[in-house]
Amino acid sequence: MSIPQSGGGPIESYDQLAAYLASGCKPKADWRIGTEHEKFGYCRDTLKPLPYDGPRSIKVMLEGLRDRFGWEPVYEQDKLIGLSKDGANVSLEPGGQLELSGAPLETIHQTCDEVNLHLREVQEVADTIGVGFIGLGAAPIWRHEDMPMMPKGRYRLMTDYMGRVGTHGTQMMYRTCTVQVNLDYGSEADMVQKMRVALALQPVATALFANSPFFEGKPNGHKSWRSRIWRGLDDARTGMLPFVFEEGFGFERWVEYVLDVPMYFVYRDGKYIDALGQSFRDFLKGELPALPGEKPTLSDWADHLTTVFPEARMKKFIEMRGADGGPWRRLCALPALWVGLMYDQDALDAAWDLACNWDAETREALRVGASVEGLQARVNGLHMHDLAREVVAIAEAGLKARARPGAGGLVADETHFLSALQETVETGKTPADEMLERYHGEWAGDLTRIYAEYCY
């Protein structure tokens with residue numbers, strides 16, 4: 001989850017809210033790729049999740065990365081809760097999931113190099129203390145009572161609130177992992193087209209990356225239980241956002257949506273102040289119960305933007321949020337898919353042509369179908385497997401058109417990063433399908449085998 005935002009002065013007029021989003025517009029030459037991924041850490045002998053403190057812990061992992069590889073520490077109330085270096089951040093999810101938020105980079109070659117370096121560093125530290133890391137969309141065996149809570153004020157507030165507004169909120173916080181990519185837009189019109197494509201085709205990404213068929217020690221009936229969790233989290237801040245597809249959508253309409261999402265907190269002097277359920281509109285008027293008489297800054301607005309969780313989210317860039325965390329090679333496939341679709345205009349137009357006639361009910365049904373059946377989902381005459389084949393082909397064409405070479409010019413473009421998805425399309429089997437086959441076959445129902453076989 002996001003770290004506290006900074007750098008914004010007082011909000012003196014309502015227009016500043018949309019202007020903040022508009023300030024993210026960049027010329028195409030300045031578009032970048034920011035890849036984020038989370039993974040579960042566990043003790044190799046007990047298969048239990050890592051606590052925050054102790055000889056085998058998240059804290060020791062962070063200290064090892066700091067001391068061995070030159071990462072700068074990030075503290076909250078004297079607790080080491082993250083790291084930063086060269087525009088990238090390592091942070092903690094509520095249950096100790098370790099997240100890399102990568103630097104904004106020009107090519108997928110660069111972002112994949114960054115992912116690979118990070119995982120090698122994590123592996124080196126982990127091996128010294130008997131710890132492993134695994135990339136899955138949901139914790140396959142652990143129950144809520146098994147999970148630690150990381151020492152971050154934001155998470156203490158959210159844990160209490162999640163139990164009041166939905167049925168799966170704490171599952172999301174403590175027992176899920178994702179991989180996502182953050183991409184730029186060039187103008188308001190470009191943002192609108194990208195947001196519509198991102199939301200409409202997010203179920204295809206969910207299906208392709210489905211990797212959470214187990215929960216609490218057994219199959220859960222879904223290919224992506226993580227996606228199911230998001231559907232039972234908090235209707236006020238999640239979903240497929242039908243208004244994005246309505247005429248007149250733009251920065252101002254996004255502002256109106258976010259203003260209607262209840263607040264979580266206000267961050268002041270290194271502390272999170274409880275503003276659960278309160279209104280940012282009241283904050284703008286100086287009438288926030290948590291801070292009576294005080295008006296927000298742009299940093300407060302930036303923080304509030306991080307508390308909405310739709311399938312695609314806009315800040316000063318667009319986040320693709322529908323994919324389960326997964327194996328090492330798929331961490332590079334996710335940015336390849338969306339860069340191919342978004343950063344070449346012909347590909348973006350083709351992607352929108354594919355989805356432009358779907359109504360809100362169809363888009364939501366695809367979201368549900370992807371969660372339950374993955375590539376086998378069928379909705380209103382649409383077969384998810386066929387959609388995935390077409391989407392991956394459009395992305396491949398977009399990457400070829402980008403023609404960004406790598407490996408000192410020895411690699412002509414970025415298309416090879418799609419190979420994992422092309423294999424999935426060819427076989428019709430997602431990681432979830434493959435794991436279910438093993439569970440019912442060679443594993444003979446012994447789910448503990450998932451750790452050794454899928455460890456990074």
# chains A, B, ... in the order shown; residues from 1 in each chain; ligands from 1

$ select_by_dssp --residues "stretch 233-376 of chain A" --states "strand (DSSP E or B)" --output "PDB file with N, CA and C atoms, in the first residue's frame"
ATOM      1  N   THR A 238     -14.282   0.387  -4.405  1.00  0.00           N
ATOM      2  CA  THR A 238     -13.784  -0.658  -5.287  1.00  0.00           C
ATOM      3  C   THR A 238     -14.690  -0.772  -6.514  1.00  0.00           C
ATOM      4  N   GLY A 239     -14.307  -1.656  -7.453  1.00  0.00           N
ATOM      5  CA  GLY A 239     -15.205  -1.977  -8.555  1.00  0.00           C
ATOM      6  C   GLY A 239     -14.729  -1.524  -9.923  1.00  0.00           C
ATOM      7  N   PHE A 265      -7.873   8.516   7.091  1.00  0.00           N
ATOM      8  CA  PHE A 265      -6.948   9.150   8.033  1.00  0.00           C
ATOM      9  C   PHE A 265      -6.503  10.505   7.505  1.00  0.00           C
ATOM     10  N   VAL A 266      -5.828  11.244   8.377  1.00  0.00           N
ATOM     11  CA  VAL A 266      -5.019  12.405   8.002  1.00  0.00           C
ATOM     12  C   VAL A 266      -3.637  12.166   8.614  1.00  0.00           C
ATOM     13  N   TYR A 267      -2.613  12.436   7.847  1.00  0.00           N
ATOM     14  CA  TYR A 267      -1.233  12.192   8.294  1.00  0.00           C
ATOM     15  C   TYR A 267      -0.622  13.511   8.740  1.00  0.00           C
ATOM     16  N   ARG A 268      -0.220  13.577  10.025  1.00  0.00           N
ATOM     17  CA  ARG A 268       0.371  14.786  10.579  1.00  0.00           C
ATOM     18  C   ARG A 268       1.545  14.435  11.502  1.00  0.00           C
ATOM     19  N   LYS A 271       2.326  10.875  12.293  1.00  0.00           N
ATOM     20  CA  LYS A 271       1.272  10.063  12.898  1.00  0.00           C
ATOM     21  C   LYS A 271       0.019  10.066  12.020  1.00  0.00           C
ATOM     22  N   TYR A 272      -0.707   8.949  12.083  1.00  0.00           N
ATOM     23  CA  TYR A 272      -1.980   8.836  11.383  1.00  0.00           C
ATOM     24  C   TYR A 272      -3.110   9.187  12.338  1.00  0.00           C
ATOM     25  N   ILE A 273      -3.885  10.201  11.981  1.00  0.00           N
ATOM     26  CA  ILE A 273      -5.016  10.645  12.793  1.00  0.00           C
ATOM     27  C   ILE A 273      -6.280   9.995  12.250  1.00  0.00           C
ATOM     28  N   ASP A 274      -7.041   9.390  13.117  1.00  0.00           N
ATOM     29  CA  ASP A 274      -8.259   8.669  12.741  1.00  0.00           C
ATOM     30  C   ASP A 274      -9.292   9.631  12.152  1.00  0.00           C
ATOM     31  N   THR A 297      -4.183  20.062   2.778  1.00  0.00           N
ATOM     32  CA  THR A 297      -3.135  20.397   1.816  1.00  0.00           C
ATOM     33  C   THR A 297      -3.248  19.450   0.618  1.00  0.00           C
ATOM     34  N   PHE A 309      -9.787   2.013  -4.271  1.00  0.00           N
ATOM     35  CA  PHE A 309      -9.198   0.762  -4.751  1.00  0.00           C
ATOM     36  C   PHE A 309      -9.969   0.126  -5.911  1.00  0.00           C
ATOM     37  N   PRO A 310     -10.319   0.882  -6.943  1.00  0.00           N
ATOM     38  CA  PRO A 310     -10.987   0.255  -8.090  1.00  0.00           C
ATOM     39  C   PRO A 310     -10.018  -0.611  -8.886  1.00  0.00           C
ATOM     40  N   ALA A 312      -8.845  -0.206 -11.787  1.00  0.00           N
ATOM     41  CA  ALA A 312      -7.790   0.679 -12.302  1.00  0.00           C
ATOM     42  C   ALA A 312      -7.950   2.009 -11.566  1.00  0.00           C
ATOM     43  N   ARG A 313      -6.835   2.590 -11.160  1.00  0.00           N
ATOM     44  CA  ARG A 313      -6.886   3.783 -10.316  1.00  0.00           C
ATOM     45  C   ARG A 313      -6.050   4.891 -10.929  1.00  0.00           C
ATOM     46  N   MET A 314      -6.595   6.118 -10.855  1.00  0.00           N
ATOM     47  CA  MET A 314      -5.853   7.276 -11.333  1.00  0.00           C
ATOM     48  C   MET A 314      -5.330   8.084 -10.155  1.00  0.00           C
ATOM     49  N   ILE A 318      -1.831   6.107 -14.056  1.00  0.00           N
ATOM     50  CA  ILE A 318      -2.884   5.092 -13.963  1.00  0.00           C
ATOM     51  C   ILE A 318      -2.276   3.782 -13.499  1.00  0.00           C
ATOM     52  N   GLU A 319      -2.908   3.170 -12.501  1.00  0.00           N
ATOM     53  CA  GLU A 319      -2.451   1.895 -11.944  1.00  0.00           C
ATOM     54  C   GLU A 319      -3.342   0.763 -12.446  1.00  0.00           C
ATOM     55  N   MET A 320      -2.720  -0.307 -12.953  1.00  0.00           N
ATOM     56  CA  MET A 320      -3.438  -1.510 -13.363  1.00  0.00           C
ATOM     57  C   MET A 320      -3.413  -2.489 -12.192  1.00  0.00           C
ATOM     58  N   ASP A 324      -3.116 -11.099  -9.958  1.00  0.00           N
ATOM     59  CA  ASP A 324      -2.533 -11.778  -8.802  1.00  0.00           C
ATOM     60  C   ASP A 324      -1.018 -11.707  -8.845  1.00  0.00           C
TER      61      ASP A 324
END

$ residues_around --residues "A:Gly406" --least-positions-apart "3" --cutoff "6 Å" --atoms "only C-alpha atoms" --output "list in words"
His109, Gly409 and Val411 of chain A

$ residues_around --residues "A:Pro405" --least-positions-apart "2" --cutoff "12 Å" --atoms "only C-alpha atoms" --output "JSON list (two decimals) with N, CA and C atoms, in the first residue's frame"
[["chain", "number", "residue", "atom", "x", "y", "z"],
["A", 106, "GLU", "N", 12.18, 3.70, -18.44],
["A", 106, "GLU", "CA", 11.78, 3.93, -19.83],
["A", 106, "GLU", "C", 11.33, 2.68, -20.55],
["A", 107, "THR", "N", 11.91, 1.53, -20.24],
["A", 107, "THR", "CA", 11.62, 0.32, -20.99],
["A", 107, "THR", "C", 11.33, -0.85, -20.05],
["A", 108, "ILE", "N", 10.71, -1.87, -20.60],
["A", 108, "ILE", "CA", 10.46, -3.08, -19.82],
["A", 108, "ILE", "C", 11.78, -3.81, -19.58],
["A", 109, "HIS", "N", 12.74, -3.68, -20.46],
["A", 109, "HIS", "CA", 14.07, -4.24, -20.19],
["A", 109, "HIS", "C", 14.59, -3.71, -18.86],
["A", 110, "GLN", "N", 14.48, -2.41, -18.67],
["A", 110, "GLN", "CA", 14.99, -1.80, -17.44],
["A", 110, "GLN", "C", 14.18, -2.22, -16.23],
["A", 399, "LEU", "N", 4.10, -3.59, -28.63],
["A", 399, "LEU", "CA", 5.51, -3.62, -28.24],
["A", 399, "LEU", "C", 6.42, -3.63, -29.46],
["A", 400, "LYS", "N", 6.02, -4.31, -30.52],
["A", 400, "LYS", "CA", 6.80, -4.27, -31.76],
["A", 400, "LYS", "C", 6.87, -2.85, -32.31],
["A", 401, "ALA", "N", 5.73, -2.15, -32.26],
["A", 401, "ALA", "CA", 5.70, -0.77, -32.76],
["A", 401, "ALA", "C", 6.56, 0.16, -31.91],
["A", 402, "ARG", "N", 6.61, -0.09, -30.60],
["A", 402, "ARG", "CA", 7.48, 0.71, -29.73],
["A", 402, "ARG", "C", 8.95, 0.53, -30.07],
["A", 403, "ALA", "N", 9.30, -0.70, -30.44],
["A", 403, "ALA", "CA", 10.66, -1.03, -30.91],
["A", 403, "ALA", "C", 11.75, -0.52, -29.97],
["A", 407, "ALA", "N", 19.45, -5.27, -24.05],
["A", 407, "ALA", "CA", 20.69, -6.07, -24.07],
["A", 407, "ALA", "C", 21.71, -5.48, -25.03],
["A", 408, "GLY", "N", 21.90, -4.18, -24.93],
["A", 408, "GLY", "CA", 22.90, -3.52, -25.78],
["A", 408, "GLY", "C", 22.56, -3.57, -27.25],
["A", 409, "GLY", "N", 21.27, -3.63, -27.57],
["A", 409, "GLY", "CA", 20.83, -3.68, -28.96],
["A", 409, "GLY", "C", 20.70, -5.08, -29.52],
["A", 410, "LEU", "N", 21.06, -6.09, -28.74],
["A", 410, "LEU", "CA", 20.96, -7.47, -29.23],
["A", 410, "LEU", "C", 19.53, -7.97, -29.26],
["A", 411, "VAL", "N", 18.66, -7.39, -28.44],
["A", 411, "VAL", "CA", 17.24, -7.74, -28.42],
["A", 411, "VAL", "C", 16.47, -6.61, -29.09],
["A", 412, "ALA", "N", 15.72, -6.94, -30.13],
["A", 412, "ALA", "CA", 15.13, -5.91, -30.98],
["A", 412, "ALA", "C", 14.03, -5.12, -30.29],
["A", 413, "ASP", "N", 13.25, -5.76, -29.43],
["A", 413, "ASP", "CA", 12.12, -5.08, -28.81],
["A", 413, "ASP", "C", 11.77, -5.77, -27.50],
["A", 414, "GLU", "N", 10.58, -5.46, -26.98],
["A", 414, "GLU", "CA", 10.18, -5.97, -25.66],
["A", 414, "GLU", "C", 9.22, -7.15, -25.74],
["A", 415, "THR", "N", 8.97, -7.67, -26.92],
["A", 415, "THR", "CA", 7.91, -8.67, -27.08],
["A", 415, "THR", "C", 8.19, -9.97, -26.34],
["A", 416, "HIS", "N", 9.46, -10.31, -26.13],
["A", 416, "HIS", "CA", 9.74, -11.60, -25.47],
["A", 416, "HIS", "C", 9.26, -11.63, -24.03]]

$ residues_around --residues "stretch 133-140 of chain A" --least-positions-apart "5" --cutoff "6 Å" --atoms "only C-alpha atoms" --output "PyMOL selection string"
chain A and resi 39-41+175-177+211-212+214-217+226+324-327+455-456

$ closest_atom_pairs --of "stretch 78-157 of chain A" --to "stretch 42-46 of chain A" --cutoff "10 Å" --atoms "only C-alpha atoms" --output "JSON lines"
{"residue": "A:Gly96", "atom": "CA", "partner": "A:Tyr42", "partner_atom": "CA", "distance": 9.7}
{"residue": "A:Gln97", "atom": "CA", "partner": "A:Tyr42", "partner_atom": "CA", "distance": 9.8}
{"residue": "A:Ala126", "atom": "CA", "partner": "A:Cys43", "partner_atom": "CA", "distance": 9.3}
{"residue": "A:Asp127", "atom": "CA", "partner": "A:Arg44", "partner_atom": "CA", "distance": 9.6}
{"residue": "A:Ile129", "atom": "CA", "partner": "A:Cys43", "partner_atom": "CA", "distance": 8.6}
{"residue": "A:Gly130", "atom": "CA", "partner": "A:Arg44", "partner_atom": "CA", "distance": 5.8}
{"residue": "A:Val131", "atom": "CA", "partner": "A:Cys43", "partner_atom": "CA", "distance": 4.7}
{"residue": "A:Gly132", "atom": "CA", "partner": "A:Tyr42", "partner_atom": "CA", "distance": 5.5}
{"residue": "A:Phe133", "atom": "CA", "partner": "A:Tyr42", "partner_atom": "CA", "distance": 6.3}
{"residue": "A:Ile134", "atom": "CA", "partner": "A:Tyr42", "partner_atom": "CA", "distance": 8.2}
